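Enquirer: Hey, dropping input-v8.cif in here, mmCIF, C-alpha atoms:
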data_upload
loop_
_atom_site.label_atom_id
_atom_site.label_comp_id
_atom_site.auth_asym_id
_atom_site.auth_seq_id
_atom_site.Cartn_x
_atom_site.Cartn_y
_atom_site.Cartn_z
CA MET A 1 -20.67 113.89 -49.91
CA SER A 2 -21.95 111.54 -47.23
CA PRO A 3 -22.00 112.64 -43.57
CA GLU A 4 -19.05 110.37 -42.76
CA PHE A 5 -15.92 112.52 -42.36
CA GLU A 6 -17.99 115.32 -43.93
CA SER A 7 -15.30 117.92 -43.21
CA HIS A 8 -12.85 116.20 -45.57
CA LYS A 9 -12.65 117.27 -49.19
CA PRO A 10 -10.82 115.24 -51.83
CA PHE A 11 -7.51 116.71 -52.84
CA TYR A 12 -5.84 115.54 -56.02
CA ALA A 13 -2.08 116.09 -55.96
CA ARG A 14 0.38 115.25 -58.67
CA VAL A 15 2.80 113.25 -56.54
CA GLY A 16 6.41 113.43 -57.65
CA SER A 17 5.91 116.58 -59.75
CA GLY A 18 8.36 118.76 -57.86
CA PRO A 19 9.96 119.57 -54.50
CA VAL A 20 8.07 118.17 -51.55
CA ALA A 21 6.61 120.86 -49.31
CA LEU A 22 7.54 120.95 -45.65
CA VAL A 23 4.82 119.50 -43.47
CA PRO A 24 3.43 122.12 -41.07
CA ARG A 25 3.13 121.81 -37.30
CA VAL A 26 0.42 119.17 -37.13
CA ASN A 27 -0.22 116.21 -34.88
CA ILE A 28 -0.26 112.89 -36.76
CA GLN A 29 -1.12 109.44 -35.43
CA ALA A 30 -0.74 106.26 -37.46
CA PHE A 31 -2.50 102.97 -36.73
CA CYS A 32 -0.78 100.15 -38.59
CA GLU A 33 -1.43 96.45 -39.10
CA SER A 34 1.86 95.40 -40.70
CA PRO A 35 5.42 95.90 -39.40
CA GLU A 36 6.54 97.02 -42.88
CA THR A 37 4.06 99.90 -42.97
CA ALA A 38 4.91 100.91 -39.41
CA GLU A 39 8.59 101.00 -40.28
CA SER A 40 8.01 103.12 -43.41
CA ILE A 41 5.92 105.60 -41.44
CA GLN A 42 8.57 105.83 -38.71
CA VAL A 43 11.18 106.62 -41.38
CA ALA A 44 8.88 109.26 -42.84
CA PHE A 45 8.35 110.86 -39.43
CA ALA A 46 12.15 111.15 -39.04
CA ASP A 47 12.57 112.88 -42.40
CA ARG A 48 13.71 116.53 -42.54
CA ARG A 49 10.43 117.60 -44.18
CA MET A 50 8.51 116.35 -41.16
CA ALA A 51 10.65 118.12 -38.56
CA ARG A 52 7.84 120.47 -37.51
CA ALA A 53 5.16 117.78 -37.26
CA HIS A 54 4.66 115.42 -34.33
CA GLY A 55 3.95 111.83 -35.28
CA THR A 56 3.33 108.61 -33.39
CA VAL A 57 2.83 105.04 -34.62
CA VAL A 58 0.44 102.57 -32.97
CA THR A 59 -0.37 98.99 -33.93
CA GLY A 60 -3.87 97.57 -34.29
CA GLY A 61 -5.26 99.30 -37.37
CA ILE A 62 -8.67 100.97 -37.49
CA PRO A 63 -10.20 99.02 -34.55
CA ALA A 64 -7.42 100.27 -32.25
CA ALA A 65 -8.06 103.84 -33.42
CA VAL A 66 -11.81 103.52 -32.73
CA ARG A 67 -11.15 102.25 -29.18
CA LEU A 68 -8.65 105.01 -28.41
CA TYR A 69 -10.73 107.92 -29.70
CA GLN A 70 -13.79 106.94 -27.73
CA THR A 71 -12.04 108.56 -24.77
CA GLN A 72 -9.82 111.23 -26.36
CA SER A 73 -9.87 113.68 -29.23
CA THR A 74 -8.49 112.83 -32.65
CA PRO A 75 -5.33 114.50 -34.03
CA ASN A 76 -4.99 116.76 -37.05
CA LEU A 77 -4.23 113.78 -39.29
CA LEU A 78 -5.02 110.08 -38.94
CA LEU A 79 -3.19 107.41 -40.93
CA VAL A 80 -4.98 104.07 -40.74
CA GLU A 81 -3.97 100.79 -42.35
CA SER A 82 -6.39 97.99 -43.17
CA ASP A 83 -5.93 94.62 -44.89
CA ALA A 84 -9.65 93.95 -44.70
CA PRO A 85 -11.88 93.39 -47.74
CA ARG A 86 -13.94 96.26 -49.11
CA ASP A 87 -17.13 95.77 -47.07
CA VAL A 88 -15.26 95.33 -43.78
CA LEU A 89 -13.05 98.35 -44.50
CA LEU A 90 -16.08 100.58 -45.15
CA ALA A 91 -17.77 99.34 -41.98
CA ASP A 92 -14.63 100.02 -39.93
CA LEU A 93 -14.37 103.52 -41.36
CA ALA A 94 -18.00 104.18 -40.48
CA SER A 95 -17.19 103.30 -36.87
CA LEU A 96 -14.14 105.57 -36.98
CA ALA A 97 -16.25 108.42 -38.32
CA ASP A 98 -18.44 108.24 -35.21
CA VAL A 99 -15.47 109.14 -32.95
CA CYS A 100 -13.58 111.42 -35.32
CA GLN A 101 -13.48 115.21 -34.88
CA PRO A 102 -14.83 117.21 -37.86
CA ASP A 103 -11.48 118.85 -38.65
CA THR A 104 -9.40 115.63 -38.62
CA LYS A 105 -8.08 114.45 -41.98
CA VAL A 106 -7.98 110.71 -42.65
CA VAL A 107 -5.61 108.82 -44.95
CA VAL A 108 -6.28 105.12 -45.52
CA ILE A 109 -3.54 102.62 -46.40
CA GLY A 110 -4.90 99.42 -47.93
CA ARG A 111 -4.01 96.46 -50.11
CA LEU A 112 -6.80 96.72 -52.68
CA ASN A 113 -5.80 98.46 -55.90
CA ASP A 114 -9.38 99.30 -56.81
CA VAL A 115 -10.38 102.60 -58.42
CA ILE A 116 -14.03 102.07 -57.46
CA LEU A 117 -13.03 101.67 -53.81
CA TYR A 118 -10.86 104.79 -54.08
CA ARG A 119 -13.75 106.86 -55.43
CA ASP A 120 -16.09 105.50 -52.78
CA LEU A 121 -13.65 106.45 -50.01
CA ILE A 122 -13.22 109.94 -51.42
CA ARG A 123 -17.01 110.40 -51.59
CA ARG A 124 -17.18 109.41 -47.94
CA GLY A 125 -14.71 112.17 -47.06
CA VAL A 126 -11.44 110.26 -46.77
CA SER A 127 -8.62 112.60 -47.77
CA GLU A 128 -6.50 110.01 -49.60
CA TYR A 129 -6.17 106.29 -50.20
CA ILE A 130 -2.72 104.73 -50.60
CA VAL A 131 -2.10 101.22 -51.87
CA ALA A 132 0.52 99.40 -49.79
CA PRO A 133 3.45 99.03 -49.71
CA VAL A 134 4.01 102.70 -49.02
CA THR A 135 7.40 104.39 -49.29
CA PRO A 136 8.41 107.14 -46.84
CA LEU A 137 8.84 109.85 -49.49
CA HIS A 138 5.51 109.05 -51.13
CA LEU A 139 3.81 109.29 -47.76
CA ILE A 140 5.46 112.66 -47.07
CA GLU A 141 4.27 113.92 -50.46
CA ILE A 142 0.71 112.87 -49.67
CA ILE A 143 0.76 114.50 -46.23
CA SER A 144 2.27 117.76 -47.50
CA SER A 145 -0.31 117.94 -50.30
CA LEU A 146 -3.14 117.75 -47.76
CA TYR A 147 -1.99 121.00 -46.18
CA ARG A 148 -1.25 122.90 -49.37
CA SER A 149 -3.92 124.84 -51.23
CA GLU A 150 -4.54 123.95 -54.86
CA LYS A 151 -3.80 127.60 -55.66
CA ALA A 152 -0.63 127.73 -53.58
CA VAL A 153 2.58 128.88 -55.21
CA PRO A 154 4.88 125.88 -55.80
CA ILE A 155 7.51 125.57 -53.10
CA GLY A 156 10.98 126.76 -54.01
CA ARG A 157 13.97 124.41 -54.21
CA VAL A 158 16.96 125.04 -51.95
CA ILE A 159 20.35 124.07 -53.42
CA ALA A 160 23.16 124.34 -50.85
CA PHE A 161 26.77 124.62 -52.05
CA VAL A 162 29.57 123.82 -49.64
CA GLY A 163 33.29 123.20 -50.05
CA ALA A 164 35.09 120.19 -48.64
CA LYS A 165 37.68 122.68 -47.38
CA GLY A 166 38.48 126.36 -47.85
CA GLY A 167 39.63 127.58 -51.25
CA VAL A 168 38.15 124.81 -53.40
CA GLY A 169 35.95 127.27 -55.32
CA SER A 170 32.52 126.34 -53.95
CA SER A 171 31.34 129.97 -53.86
CA THR A 172 32.45 130.68 -57.42
CA ILE A 173 30.67 127.57 -58.66
CA ALA A 174 27.52 128.46 -56.69
CA HIS A 175 27.37 131.98 -58.09
CA ASN A 176 27.99 130.90 -61.68
CA CYS A 177 25.40 128.12 -61.42
CA ALA A 178 22.80 130.54 -60.04
CA TRP A 179 23.57 133.02 -62.83
CA GLN A 180 23.22 130.29 -65.45
CA ILE A 181 19.95 128.96 -64.00
CA ALA A 182 18.38 132.42 -63.90
CA ARG A 183 19.43 133.14 -67.46
CA SER A 184 18.91 129.84 -69.28
CA VAL A 185 15.88 128.48 -67.46
CA ASP A 186 14.38 131.96 -67.01
CA VAL A 187 13.19 131.45 -63.42
CA GLU A 188 13.56 133.70 -60.40
CA THR A 189 16.71 132.67 -58.55
CA THR A 190 18.11 134.03 -55.29
CA ILE A 191 21.64 133.63 -53.93
CA ILE A 192 22.04 133.63 -50.15
CA ASP A 193 25.62 134.27 -49.04
CA LEU A 194 25.88 132.92 -45.49
CA ASP A 195 29.55 133.83 -45.08
CA LEU A 196 28.87 137.05 -43.18
CA ALA A 197 32.51 138.02 -42.67
CA TYR A 198 34.27 136.86 -45.84
CA GLY A 199 31.47 136.31 -48.34
CA THR A 200 32.44 136.97 -51.96
CA ALA A 201 29.04 137.11 -53.70
CA ALA A 202 29.03 140.90 -53.86
CA LEU A 203 32.61 140.95 -55.17
CA ASP A 204 31.84 138.34 -57.81
CA PHE A 205 29.03 140.51 -59.17
CA ASN A 206 30.95 143.81 -58.80
CA LEU A 207 28.55 145.21 -56.22
CA ASP A 208 28.90 147.32 -53.14
CA ALA A 209 28.42 145.07 -50.13
CA SER A 210 24.96 145.08 -48.57
CA GLY A 211 23.97 143.84 -45.13
CA GLY A 212 20.63 142.29 -46.03
CA ILE A 213 21.35 138.85 -44.68
CA ILE A 214 22.75 140.29 -41.45
CA GLU A 215 19.56 142.25 -40.81
CA ALA A 216 17.40 139.19 -41.52
CA ILE A 217 19.44 136.90 -39.26
CA ALA A 218 19.61 139.47 -36.44
CA GLU A 219 15.81 139.81 -36.28
CA PRO A 220 14.27 136.64 -37.72
CA GLU A 221 10.89 137.39 -36.14
CA ARG A 222 10.54 140.31 -38.58
CA VAL A 223 11.28 138.23 -41.67
CA ASP A 224 8.48 137.95 -44.20
CA ALA A 225 8.13 138.24 -47.97
CA LEU A 226 7.93 142.04 -47.87
CA LEU A 227 11.08 142.47 -45.77
CA LEU A 228 13.05 140.04 -47.91
CA ASP A 229 11.94 141.82 -51.06
CA ARG A 230 13.41 145.03 -49.62
CA LEU A 231 16.65 143.37 -48.54
CA LEU A 232 17.33 141.56 -51.83
CA VAL A 233 19.74 143.16 -54.28
CA ARG A 234 18.75 142.72 -57.91
CA LEU A 235 21.55 141.27 -60.05
CA GLY A 236 19.60 140.79 -63.24
CA ALA A 237 16.13 140.24 -64.64
CA LYS A 238 15.74 136.94 -62.77
CA LEU A 239 18.61 136.92 -60.27
CA SER A 240 18.90 138.51 -56.83
CA LEU A 241 21.26 138.39 -53.86
CA LEU A 242 20.78 138.28 -50.12
CA GLY A 243 24.32 138.87 -48.87
CA GLY A 244 26.32 140.27 -46.01
CA SER A 245 28.43 143.38 -45.74
CA GLY A 246 31.61 141.44 -45.03
CA GLY A 247 34.25 142.41 -42.50
CA VAL A 248 35.56 141.34 -39.14
CA ASP A 249 34.73 144.43 -37.12
CA LYS A 250 31.82 142.71 -35.37
CA ASP A 251 30.87 139.26 -34.13
CA PHE A 252 28.20 137.37 -36.05
CA ILE A 253 25.91 134.88 -34.35
CA ILE A 254 23.75 132.69 -36.55
CA GLU A 255 21.02 130.48 -35.13
CA ALA A 256 19.53 127.54 -37.01
CA HIS A 257 15.98 128.80 -36.49
CA ALA A 258 16.88 132.11 -38.16
CA VAL A 259 18.12 130.27 -41.26
CA GLU A 260 14.95 128.18 -41.22
CA ILE A 261 12.72 131.26 -41.13
CA ILE A 262 14.58 132.93 -44.01
CA LEU A 263 14.54 129.83 -46.20
CA THR A 264 10.86 129.17 -45.46
CA ALA A 265 9.92 132.72 -46.43
CA LEU A 266 11.94 132.56 -49.64
CA ARG A 267 10.54 129.16 -50.59
CA ALA A 268 7.08 130.69 -50.86
CA THR A 269 8.12 133.23 -53.49
CA VAL A 270 11.34 132.09 -55.20
CA PRO A 271 11.54 128.89 -57.33
CA ILE A 272 15.33 128.41 -56.99
CA ILE A 273 17.34 129.36 -53.89
CA VAL A 274 21.12 128.90 -54.07
CA VAL A 275 22.73 128.93 -50.62
CA ASP A 276 26.46 129.64 -50.46
CA VAL A 277 27.49 127.86 -47.24
CA PRO A 278 30.90 128.78 -45.79
CA ASN A 279 33.49 126.14 -44.93
CA VAL A 280 32.92 126.17 -41.18
CA TRP A 281 31.16 123.68 -38.95
CA ALA A 282 28.36 124.81 -36.65
CA PRO A 283 24.81 123.71 -35.80
CA TRP A 284 23.31 126.16 -38.29
CA VAL A 285 25.60 124.90 -41.08
CA LYS A 286 24.54 121.32 -40.41
CA PHE A 287 20.90 122.41 -40.31
CA THR A 288 21.21 124.18 -43.66
CA LEU A 289 22.78 121.16 -45.34
CA LEU A 290 20.33 118.67 -43.86
CA HIS A 291 17.27 120.71 -44.86
CA ALA A 292 18.33 121.64 -48.40
CA ASP A 293 16.61 119.91 -51.29
CA GLN A 294 19.99 119.30 -52.89
CA VAL A 295 23.56 119.59 -51.61
CA VAL A 296 26.53 120.27 -53.90
CA LEU A 297 29.91 119.27 -52.46
CA THR A 298 32.94 120.85 -54.13
CA ALA A 299 36.37 119.30 -53.65
CA GLU A 300 39.84 119.25 -55.15
CA PRO A 301 41.41 115.93 -56.17
CA GLU A 302 43.68 115.68 -53.13
CA LEU A 303 43.72 113.88 -49.80
CA ALA A 304 42.30 116.50 -47.41
CA SER A 305 39.37 117.14 -49.75
CA LEU A 306 38.80 113.41 -50.06
CA ARG A 307 38.70 112.90 -46.30
CA ASN A 308 36.33 115.81 -45.70
CA THR A 309 34.10 114.98 -48.65
CA ARG A 310 33.69 111.42 -47.45
CA ALA A 311 32.79 112.60 -43.94
CA LEU A 312 30.21 115.06 -45.28
CA ALA A 313 28.77 112.58 -47.77
CA ASP A 314 28.44 109.85 -45.13
CA MET A 315 26.71 112.23 -42.74
CA LEU A 316 24.29 113.47 -45.40
CA LYS A 317 23.40 110.01 -46.66
CA ALA A 318 22.77 108.73 -43.13
CA ALA A 319 20.68 111.74 -42.07
CA ARG A 320 18.77 112.08 -45.36
CA PRO A 321 17.82 108.51 -46.36
CA ASN A 322 14.90 109.71 -48.49
CA ASP A 323 16.97 112.23 -50.47
CA PRO A 324 19.38 111.69 -53.34
CA PRO A 325 23.09 111.64 -52.45
CA PRO A 326 24.97 114.94 -52.64
CA THR A 327 26.15 116.20 -56.01
CA LEU A 328 29.94 115.90 -56.11
CA VAL A 329 32.02 118.40 -58.10
CA LEU A 330 35.77 118.08 -58.58
CA ASN A 331 37.26 121.53 -59.19
CA GLN A 332 40.72 122.76 -60.22
CA VAL A 333 41.59 119.47 -61.88
CA GLY A 334 44.87 119.35 -63.77
CA VAL A 335 47.10 121.66 -61.72
CA PRO A 336 50.59 121.37 -63.28
CA LYS A 337 53.04 119.17 -61.34
CA ARG A 338 50.50 118.46 -58.58
CA PRO A 339 49.87 114.79 -57.82
CA GLU A 340 46.10 114.27 -58.00
CA ILE A 341 43.61 111.57 -57.07
CA ALA A 342 41.88 110.23 -60.17
CA GLY A 343 38.15 110.87 -60.46
CA ALA A 344 37.34 107.15 -60.43
CA ASP A 345 39.37 106.64 -57.23
CA PHE A 346 37.74 109.68 -55.64
CA ARG A 347 34.27 108.35 -56.48
CA LYS A 348 35.10 104.89 -55.12
CA ALA A 349 36.44 106.24 -51.83
CA VAL A 350 33.56 108.67 -51.25
CA GLY A 351 30.78 106.42 -52.52
CA VAL A 352 29.25 109.21 -54.61
CA ASP A 353 29.43 109.63 -58.37
CA VAL A 354 31.38 112.63 -59.66
CA ALA A 355 28.80 114.85 -61.35
CA ALA A 356 31.24 117.38 -62.83
CA VAL A 357 34.98 117.74 -63.38
CA ILE A 358 36.07 121.37 -63.78
CA PRO A 359 39.52 121.85 -65.30
CA PHE A 360 42.14 124.14 -63.78
CA GLU A 361 41.90 127.49 -65.61
CA PRO A 362 43.47 130.07 -63.27
CA GLN A 363 43.69 132.78 -65.89
CA ASN A 364 40.00 132.63 -66.75
CA PHE A 365 38.77 132.33 -63.17
CA GLY A 366 41.11 135.10 -61.98
CA ALA A 367 40.11 137.48 -64.75
CA ALA A 368 36.40 136.93 -64.07
CA LEU A 369 36.83 137.55 -60.35
CA ASN A 370 38.96 140.67 -60.80
CA ASN A 371 36.46 142.12 -63.26
CA GLY A 372 33.38 141.32 -61.19
CA LYS A 373 31.90 139.12 -63.91
CA MET A 374 30.62 135.60 -64.13
CA LEU A 375 32.94 133.12 -65.79
CA LEU A 376 30.07 132.00 -68.02
CA ASP A 377 29.74 135.55 -69.32
CA MET A 378 33.42 136.43 -69.66
CA VAL A 379 34.79 133.27 -71.32
CA PRO A 380 31.67 131.48 -72.60
CA ARG A 381 33.60 128.98 -74.73
CA SER A 382 36.13 127.73 -72.20
CA LYS A 383 36.13 124.09 -71.13
CA ALA A 384 35.34 125.00 -67.52
CA VAL A 385 32.31 126.98 -68.64
CA GLU A 386 31.00 124.04 -70.64
CA VAL A 387 31.03 121.90 -67.50
CA LEU A 388 29.54 124.65 -65.32
CA ARG A 389 26.74 125.27 -67.79
CA ARG A 390 25.82 121.61 -67.89
CA LEU A 391 26.00 121.34 -64.08
CA ALA A 392 23.72 124.35 -63.63
CA ASP A 393 21.17 123.01 -66.09
CA ASP A 394 21.17 119.65 -64.31
CA LEU A 395 20.72 121.29 -60.91
CA SER A 396 17.83 123.43 -62.13
CA GLY A 397 15.78 120.35 -62.92
CA GLU A 398 14.34 122.17 -65.91
CA LYS A 399 15.06 122.38 -69.60
CA PRO A 400 16.72 125.63 -70.73
CA ALA A 401 14.28 128.27 -71.89
CA LYS A 402 15.98 128.40 -75.28
CA SER A 403 17.08 125.26 -77.05
CA ALA A 404 20.80 124.80 -77.51
CA THR A 405 22.18 125.59 -80.96
CA ALA A 406 25.55 123.93 -80.54
CA GLY A 407 26.46 121.14 -82.94
CA SER A 408 27.05 117.52 -82.18
CA SER A 409 30.77 118.10 -81.67
CA LEU A 410 30.07 120.28 -78.61
CA ILE A 411 27.67 117.69 -77.22
CA LYS A 412 30.37 115.06 -77.57
CA LYS A 413 32.81 117.30 -75.66
CA LEU A 414 30.32 117.73 -72.82
CA LEU A 415 29.77 113.99 -72.58
CA VAL A 416 33.50 113.35 -72.48
CA LEU A 417 34.05 116.00 -69.78
CA GLY A 418 31.23 114.61 -67.69
CA LYS A 419 32.72 111.10 -67.72
CA LYS A 420 36.17 112.14 -66.54
#
Would you give me this structure, written as structure tokens?
Expert:
Amino acid sequence: MSPEFESHKPFYARVGSGPVALVPRVNIQAFCESPETAESIQVAFADRRMARAHGTVVTGGIPAAVRLYQTQSTPNLLLVESDAPRDVLLADLASLADVCQPDTKVVVIGRLNDVILYRDLIRRGVSEYIVAPVTPLHLIEIISSLYRSEKAVPIGRVIAFVGAKGGVGSSTIAHNCAWQIARSVDVETTIIDLDLAYGTAALDFNLDASGGIIEAIAEPERVDALLLDRLLVRLGAKLSLLGGSGGVDKDFIIEAHAVEIILTALRATVPIIVVDVPNVWAPWVKFTLLHADQVVLTAEPELASLRNTRALADMLKAARPNDPPPTLVLNQVGVPKRPEIAGADFRKAVGVDVAAVIPFEPQNFGAALNNGKMLLDMVPRSKAVEVLRRLADDLSGEKPAKSATAGSSLIKKLLVLGKK
């Protein structure tokens, strides 16, 4: 490696291979030449994954960076854009190296799609070279990869379930999906029940209530992998629960930073984290939804659900422009004598496709709840279970550990149910 940027080591990351890691608390400065690149970087800096980092955007490219850092120290990460030809770019980078601190990482954004140039830049110590135009999410992936060890455990995915209103069955769907993911995909999965007073996770699994989540939220500064391992209740070979004791004999105060600490600690050790979010509105609820990797909105096909779902969906899409839209589930569809909003009309009004339509099966759902069993285990061949199984497999992002043995007739049923 040449002496230029000699502290930098090339890091090869498989961009797009999984959940994007949260960027740590680093100082980032970007020096752009084009308005399009500056705008993309500004959008990236506003993304939820960059919440802990501090980023600024300056115009002028590499020459502006060289002038500035002749009188002040360089940040943790430098993003520099250059439209210059190869020889000029290398000369500009040599000048930048003269004013760059040894521990500063440098990412170059250029217009030349040249593998020889890329290898030359890496040999000179540049951390990464990106061919413009750059998208915000791609940039975030590059930045997060620079601060993640090649041997680091892949970051866990957070899937937040929330109901458009109380009683729509969001918790039941969350618990069944987590159970299905742990069993079919064979990955460690943790349920977090954030309804401290009325949470039903323990009831759904026929367990004595435990106060693990209450202890973690009350003293977030103590939360680490070891404490969480002690607080988790094992539900199966690959499934665990971090729940509350339930009850209204005490007041519960939840702060957003406590939720952040718990989720960050779990991300390091658990591949799939299912968060059961209660139907209340508070800063920590908004924080949880905005910082989840995927949000599942459960609604009934009626007007109040439609109004609330649209409000939540609009908020999420506006605040999370680099994330997919929320996953919309219509539950309890087909209640006798109840006027209902058709799935197509619901989708059109909300602006989000309906991912799953779960039929009204009160006998099956009631029996599962009263017996402390998962619906997928108690009535594995019901129509509702078929939809839940498919939803869970889609949310997991993985193929089931064991291939399905059902015939083509079952596949046709699933396709029909999914289109309703």
Enquirer: Just give me the gap between atom CA of A:Arg157 and atom CA of A:Val274 in Å, one decimal is fine.
Expert: 8.4 Å
Enquirer: May I have the residues within 9 Å of stretch 75-81 of chain A as a list in words, using all atoms listed in the file and disregarding those fewer than 6 positions away in the same chain?
Expert: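 Answer for this query is Val26, Asn27, Ile28, Gln29, Ala30, Phe31, Cys32, Glu33, Ser34, Thr37, Gly60, Gly61, Ile62, Ala65, Cys100, Gln101, Asp103, Thr104, Lys105, Val106, Val107, Val108, Ile109, Gly110, Arg111, Ala132 and Ile143 of chain A.
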Enquirer: Which residue, A:Pro321, A:Gly372, A:Gly55, A:Pro133, has the smallest gap to A:Asp208 when you use all atoms listed in the file?
Expert: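 Between A:Pro321, A:Gly372, A:Gly55, A:Pro133, the residue approaching A:Asp208 most closely is A:Gly372.
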Enquirer: Please evaluate the PyMOL selection byres ((chain A and resi 265) around 12) against the displayed coordinates and give the resulting residues as a list in words.
Expert: Ile155, Gly156, Val158, Ala216, Pro220, Glu221, Arg222, Val223, Asp224, Ala225, Leu226, Leu227, Leu228, Asp229, Ala258, Val259, Glu260, Ile261, Ile262, Leu263, Thr264, Leu266, Arg267, Ala268, Thr269, Val270, Pro271 and Ile273 of chain A
Enquirer: Give me, as a count of residues only, all polymer residues having an atom no more than 9 Å from A:Ile272, counting all atoms listed in the file and skipping those fewer than 3 positions away in the same chain.
Expert: 14
Enquirer: I'd like the residues picked by the PyMOL selection byres ((chain A and resi 306) around 10) written out as a PyMOL selection string, using the chain letters and numbers from the file.
Expert: chain A and resi 164-165+299-305+307-312+341+345-347+349-350
Enquirer: If the PyMOL selection byres ((chain A and resi 387) around 9) is run on the structure shown, which residues does it catch, given as a short mmCIF file (atom, residue, chain, number, x, y, z; two decimals) with C-alpha atoms, keeping the file's coordinate frame?
Expert:
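Now in out15.cif:
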data_model
loop_
_atom_site.label_atom_id
_atom_site.label_comp_id
_atom_site.auth_asym_id
_atom_site.auth_seq_id
_atom_site.Cartn_x
_atom_site.Cartn_y
_atom_site.Cartn_z
CA ALA A 356 31.24 117.38 -62.83
CA VAL A 357 34.98 117.74 -63.38
CA ILE A 358 36.07 121.37 -63.78
CA PRO A 359 39.52 121.85 -65.30
CA LYS A 383 36.13 124.09 -71.13
CA ALA A 384 35.34 125.00 -67.52
CA VAL A 385 32.31 126.98 -68.64
CA GLU A 386 31.00 124.04 -70.64
CA LEU A 388 29.54 124.65 -65.32
CA ARG A 389 26.74 125.27 -67.79
CA ARG A 390 25.82 121.61 -67.89
CA LEU A 391 26.00 121.34 -64.08
CA ALA A 392 23.72 124.35 -63.63
CA LEU A 414 30.32 117.73 -72.82
CA LEU A 417 34.05 116.00 -69.78
CA GLY A 418 31.23 114.61 -67.69
#
Enquirer: Find the distance between atom CA of A:Val23 and atom CA of A:Ala44 and write it in Å to one decimal.
Expert: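 It comes out at 11.0 Å.
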Enquirer: Would you mind reading off the distance between atom CA of A:Ala318 and atom CA of A:Ala51, one decimal, in Å?
Expert: 16.0 Å
Enquirer: Extract, using only C-alpha atoms, all DNA, RNA and protein residues at most 10 Å from A:Glu361, discarding same-chain residues fewer than 6 positions from it, and format them as a count of residues only.
Expert: 8
Enquirer: Using only C-alpha atoms, which residues of stretch 153-184 of chain A come within 12 Å of stretch 276-286 of chain A, and what is the closest atom pair for each, with the distance in Å to one decimal? Give it as CSV, sorted by chain and residue number.
Expert:
residue,atom,partner,partner_atom,distance
A:Val158,CA,A:Asp276,CA,10.7
A:Ile159,CA,A:Asp276,CA,8.8
A:Ala160,CA,A:Asp276,CA,6.3
A:Phe161,CA,A:Asp276,CA,5.3
A:Val162,CA,A:Val277,CA,5.1
A:Gly163,CA,A:Asn279,CA,5.9
A:Ala164,CA,A:Asn279,CA,7.2
A:Lys165,CA,A:Asn279,CA,6.0
A:Gly166,CA,A:Asn279,CA,5.8
A:Gly167,CA,A:Asn279,CA,8.9
A:Val168,CA,A:Asn279,CA,9.8
A:Gly169,CA,A:Asn279,CA,10.7
A:Ser170,CA,A:Asp276,CA,7.7
A:Ser171,CA,A:Asp276,CA,6.0
A:Thr172,CA,A:Asp276,CA,9.2
A:Ile173,CA,A:Asp276,CA,9.4
A:Ala174,CA,A:Asp276,CA,6.4
A:His175,CA,A:Asp276,CA,8.0
A:Asn176,CA,A:Asp276,CA,11.4
A:Cys177,CA,A:Asp276,CA,11.1
A:Ala178,CA,A:Asp276,CA,10.3
Enquirer: Using all atoms listed in the file for the distances, tell me which of A:Val99, A:Leu241, A:Ile254, A:Leu231 is nearest to A:Ile192.
Expert: A:Leu241
